[in-house]
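Step one of this worksheet: look at the structure below.
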Amino acid sequence: MKFLMMIYTDDTLLDALPEGRFDTLMRGCLEHADELRAQGRLLDSQQLEPAAAAKSVRVRNQRMSVLDGPFAETKEYLGGFNLIEAEDIDEAVRIAAEFPWAATGCIEVRPVRDIGAVRRRVGAAEG
């Protein structure tokens with residue numbers, strides 16, 4: 001079963017880390033990701049640029065509006081994601097807890113919906 005681990009970052013906690021600690025955590029994170037990838041558990045992972053680089057797009061009444069930055073001001077912002085394969089949500093949560101970012105933000109674990117099943121249900125062609 002696939003799960004998306006959305007990694008939310010809190011700059012206040014990251015900025016409070018001792019000098020060099022972030023690089024040490026990141027190196028360990030990347031090494032752990034490499035191990036999970038070798039086991040076939042990590043399917044994809046990406047870091048995102050800071051929230052200030054984002055554009056928020058909305059379409060209402062056929063009119064598009066584009067705003068600079070994230071949709072809402074929050075203490076934590078989406079900093080990256082991991083797409084993993086796990087037996088169940090409990091295993092996915094255990095994997096999420098192994099990453100250091102659970103201590104400097106939050107990792108939201110969410111099951112990935114089978115889009116093939118959705119396509120079949122709504123009668124859309126396979127993509």
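Ligands are numbered from 1 in the order shown, residues from 1 within each chain, and chains are lettered A, B, ... in the order they appear in the structure tokens.
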
Kindly assemble as a Markdown table a list of the segment 64-113 of chain A residues that lie within 7 Å of segment 39-49 of chain A, each paired with its nearest atom pair and their distance in Å to one decimal, using only C-alpha atoms, sorted first by chain and then by ascending residue number.
```
| residue | atom | partner | partner_atom | distance |
| --- | --- | --- | --- | --- |
| A:Gly79 | CA | A:Leu48 | CA | 5.1 |
| A:Gly80 | CA | A:Gln47 | CA | 4.1 |
| A:Phe81 | CA | A:Ser45 | CA | 5.5 |
| A:Asn82 | CA | A:Ser45 | CA | 4.2 |
| A:Leu83 | CA | A:Asp44 | CA | 5.1 |
| A:Ile84 | CA | A:Leu42 | CA | 4.5 |
| A:Glu85 | CA | A:Arg41 | CA | 4.8 |
| A:Ala86 | CA | A:Arg41 | CA | 6.8 |
```

Please provide as a compact mmCIF listing (two decimals) with N, CA and C atoms, in the first residue's frame all residues within 8 Å of segment 109-120 of chain A, with the sequence filter that same-chain residues fewer than 5 positions apart are discarded (counting only C-alpha atoms).
```txt
# COMPACT_ATOMS: atom_id res chain seq x y z
N MET A 1 0.84 -1.17 0.00
CA MET A 1 0.00 0.00 0.00
C MET A 1 0.89 1.24 0.00
N LYS A 2 0.50 2.26 -0.77
CA LYS A 2 1.30 3.48 -0.86
C LYS A 2 0.80 4.53 0.14
N PHE A 3 1.76 5.26 0.70
CA PHE A 3 1.48 6.34 1.63
C PHE A 3 2.33 7.54 1.26
N LEU A 4 1.74 8.73 1.39
CA LEU A 4 2.48 9.96 1.19
C LEU A 4 2.83 10.53 2.55
N MET A 5 4.11 10.77 2.76
CA MET A 5 4.58 11.42 3.97
C MET A 5 4.85 12.88 3.61
N MET A 6 4.01 13.77 4.08
CA MET A 6 4.20 15.20 3.81
C MET A 6 4.96 15.80 4.99
N ILE A 89 -0.97 1.54 7.65
CA ILE A 89 -0.66 2.89 8.15
C ILE A 89 0.22 2.85 9.38
N ALA A 92 3.65 2.70 8.13
CA ALA A 92 3.98 3.99 7.51
C ALA A 92 4.30 5.04 8.59
N VAL A 93 3.55 5.05 9.67
CA VAL A 93 3.81 5.97 10.78
C VAL A 93 5.16 5.67 11.42
N ALA A 96 7.77 7.07 9.19
CA ALA A 96 7.80 8.53 9.30
C ALA A 96 8.56 8.97 10.55
N ALA A 125 -10.75 6.88 -19.22
CA ALA A 125 -9.77 6.01 -19.88
C ALA A 125 -8.49 5.94 -19.04
N GLU A 126 -7.82 4.81 -19.13
CA GLU A 126 -6.52 4.67 -18.45
C GLU A 126 -5.52 5.61 -19.08
```

Going by DSSP on the backbone, which bits of segment 5-126 of chain A are alpha helix (DSSP H)? Write them as number ranges by chain, please. A: 11-15, 21-38, 89-97, 115-122

Residue set, chain A restricted to strand (DSSP E), as a ChimeraX atom specification: /A:2-10,42-47,55-60,63-68,76-85,105-111

Taking N, CA and C atoms for each residue, export the selection above as a short mmCIF file (atom, residue, chain, number, x, y, z; two decimals), in the first residue's frame.
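Written file, out_13.cif:
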```cif
data_model
loop_
_atom_site.label_atom_id
_atom_site.label_comp_id
_atom_site.auth_asym_id
_atom_site.auth_seq_id
_atom_site.Cartn_x
_atom_site.Cartn_y
_atom_site.Cartn_z
N LYS A 2 0.50 2.26 -0.77
CA LYS A 2 1.30 3.48 -0.86
C LYS A 2 0.80 4.53 0.14
N PHE A 3 1.76 5.26 0.70
CA PHE A 3 1.48 6.34 1.63
C PHE A 3 2.33 7.54 1.26
N LEU A 4 1.74 8.73 1.39
CA LEU A 4 2.48 9.96 1.19
C LEU A 4 2.83 10.53 2.55
N MET A 5 4.11 10.77 2.76
CA MET A 5 4.58 11.42 3.97
C MET A 5 4.85 12.88 3.61
N MET A 6 4.01 13.77 4.08
CA MET A 6 4.20 15.20 3.81
C MET A 6 4.96 15.80 4.99
N ILE A 7 6.10 16.39 4.69
CA ILE A 7 7.00 16.87 5.72
C ILE A 7 6.82 18.37 5.89
N TYR A 8 6.26 18.74 7.04
CA TYR A 8 6.05 20.15 7.36
C TYR A 8 7.19 20.63 8.24
N THR A 9 7.69 21.79 7.93
CA THR A 9 8.87 22.34 8.57
C THR A 9 8.52 23.57 9.39
N ASP A 10 9.15 23.70 10.53
CA ASP A 10 9.00 24.88 11.38
C ASP A 10 10.36 25.56 11.45
N LEU A 42 10.93 3.20 -0.37
CA LEU A 42 10.82 4.61 -0.76
C LEU A 42 10.71 4.67 -2.27
N LEU A 43 9.58 5.16 -2.75
CA LEU A 43 9.31 5.21 -4.19
C LEU A 43 9.74 6.54 -4.81
N ASP A 44 9.62 7.62 -4.06
CA ASP A 44 10.02 8.94 -4.54
C ASP A 44 10.14 9.87 -3.35
N SER A 45 10.99 10.87 -3.47
CA SER A 45 11.10 11.90 -2.44
C SER A 45 11.63 13.16 -3.08
N GLN A 46 11.14 14.28 -2.60
CA GLN A 46 11.58 15.58 -3.11
C GLN A 46 11.50 16.60 -1.99
N GLN A 47 12.42 17.56 -2.05
CA GLN A 47 12.35 18.73 -1.19
C GLN A 47 11.69 19.83 -2.00
N LYS A 55 3.31 30.02 -5.55
CA LYS A 55 2.19 30.79 -6.09
C LYS A 55 0.94 29.98 -5.75
N SER A 56 -0.08 30.65 -5.27
CA SER A 56 -1.36 30.00 -4.97
C SER A 56 -2.36 30.39 -6.06
N VAL A 57 -2.95 29.38 -6.70
CA VAL A 57 -3.85 29.60 -7.83
C VAL A 57 -5.26 29.19 -7.43
N ARG A 58 -6.21 30.06 -7.72
CA ARG A 58 -7.63 29.77 -7.49
C ARG A 58 -8.41 30.17 -8.73
N VAL A 59 -9.43 29.40 -9.06
CA VAL A 59 -10.36 29.77 -10.12
C VAL A 59 -11.75 29.77 -9.51
N ARG A 60 -12.40 30.92 -9.57
CA ARG A 60 -13.75 31.08 -9.07
C ARG A 60 -14.55 31.83 -10.12
N ARG A 63 -12.80 32.90 -13.20
CA ARG A 63 -11.75 33.91 -13.06
C ARG A 63 -10.61 33.34 -12.23
N MET A 64 -9.39 33.49 -12.76
CA MET A 64 -8.22 32.98 -12.07
C MET A 64 -7.58 34.10 -11.26
N SER A 65 -7.18 33.74 -10.04
CA SER A 65 -6.37 34.66 -9.25
C SER A 65 -5.11 33.92 -8.82
N VAL A 66 -4.00 34.63 -8.84
CA VAL A 66 -2.71 34.06 -8.46
C VAL A 66 -2.12 34.96 -7.38
N LEU A 67 -1.79 34.34 -6.25
CA LEU A 67 -1.19 35.07 -5.14
C LEU A 67 0.22 34.56 -4.91
N ASP A 68 1.10 35.45 -4.54
CA ASP A 68 2.46 35.05 -4.19
C ASP A 68 2.44 34.35 -2.83
N GLU A 76 4.11 26.13 10.40
CA GLU A 76 4.76 25.04 9.67
C GLU A 76 4.32 25.10 8.21
N TYR A 77 5.24 24.81 7.31
CA TYR A 77 4.91 24.80 5.88
C TYR A 77 5.44 23.52 5.25
N LEU A 78 4.84 23.15 4.15
CA LEU A 78 5.23 21.92 3.45
C LEU A 78 6.61 22.10 2.86
N GLY A 79 7.55 21.28 3.33
CA GLY A 79 8.94 21.39 2.90
C GLY A 79 9.38 20.28 1.97
N GLY A 80 8.58 19.21 1.88
CA GLY A 80 8.95 18.10 1.02
C GLY A 80 8.03 16.92 1.25
N PHE A 81 8.32 15.84 0.54
CA PHE A 81 7.49 14.66 0.68
C PHE A 81 8.29 13.40 0.37
N ASN A 82 7.79 12.29 0.90
CA ASN A 82 8.28 10.96 0.57
C ASN A 82 7.07 10.12 0.19
N LEU A 83 7.16 9.42 -0.90
CA LEU A 83 6.14 8.45 -1.29
C LEU A 83 6.70 7.09 -0.94
N ILE A 84 6.01 6.40 -0.02
CA ILE A 84 6.55 5.13 0.47
C ILE A 84 5.56 3.99 0.23
N GLU A 85 6.09 2.79 0.33
CA GLU A 85 5.31 1.56 0.27
C GLU A 85 5.39 0.93 1.66
N GLY A 105 9.21 19.72 13.12
CA GLY A 105 8.00 20.08 12.38
C GLY A 105 6.97 19.00 12.58
N CYS A 106 6.46 18.50 11.48
CA CYS A 106 5.42 17.47 11.53
C CYS A 106 5.49 16.66 10.25
N ILE A 107 5.25 15.37 10.34
CA ILE A 107 5.15 14.54 9.15
C ILE A 107 3.74 13.97 9.11
N GLU A 108 2.97 14.41 8.13
CA GLU A 108 1.61 13.90 7.94
C GLU A 108 1.69 12.68 7.05
N VAL A 109 1.11 11.58 7.51
CA VAL A 109 1.10 10.33 6.75
C VAL A 109 -0.32 10.11 6.24
N ARG A 110 -0.44 9.96 4.93
CA ARG A 110 -1.78 9.81 4.35
C ARG A 110 -1.76 8.69 3.31
N PRO A 111 -2.74 7.77 3.36
CA PRO A 111 -2.83 6.73 2.33
C PRO A 111 -3.07 7.36 0.96
#
```

Return the single residue from A:Pro50, A:Pro18, A:Gly123, A:Gly28 that is closest to Gly69 of chain A, with distances computed using only C-alpha atoms.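 For Gly69 of chain A, the nearest of the candidates is A:Pro50.
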
Kindly give the distance, in Å, that separates atom CA of Ala51 of chain A and atom CA of Gly20 of chain A, rounded to a single decimal.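 Answer for the atom CA of Ala51 of chain A to atom CA of Gly20 of chain A separation: 22.9 Å.
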
Rounded to one decimal, what separation in Å do you get between atom CA of Cys29 of chain A and atom CA of Leu17 of chain A?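 Here the two named atoms are 15.6 Å from each other.
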
Counting only C-alpha atoms, which of A:Ala124, A:Thr104, A:Ala52, A:Glu98 gets nearest to Leu36 of chain A?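 Of A:Ala124, A:Thr104, A:Ala52, A:Glu98, the one nearest Leu36 of chain A, counting only C-alpha atoms, is A:Glu98.
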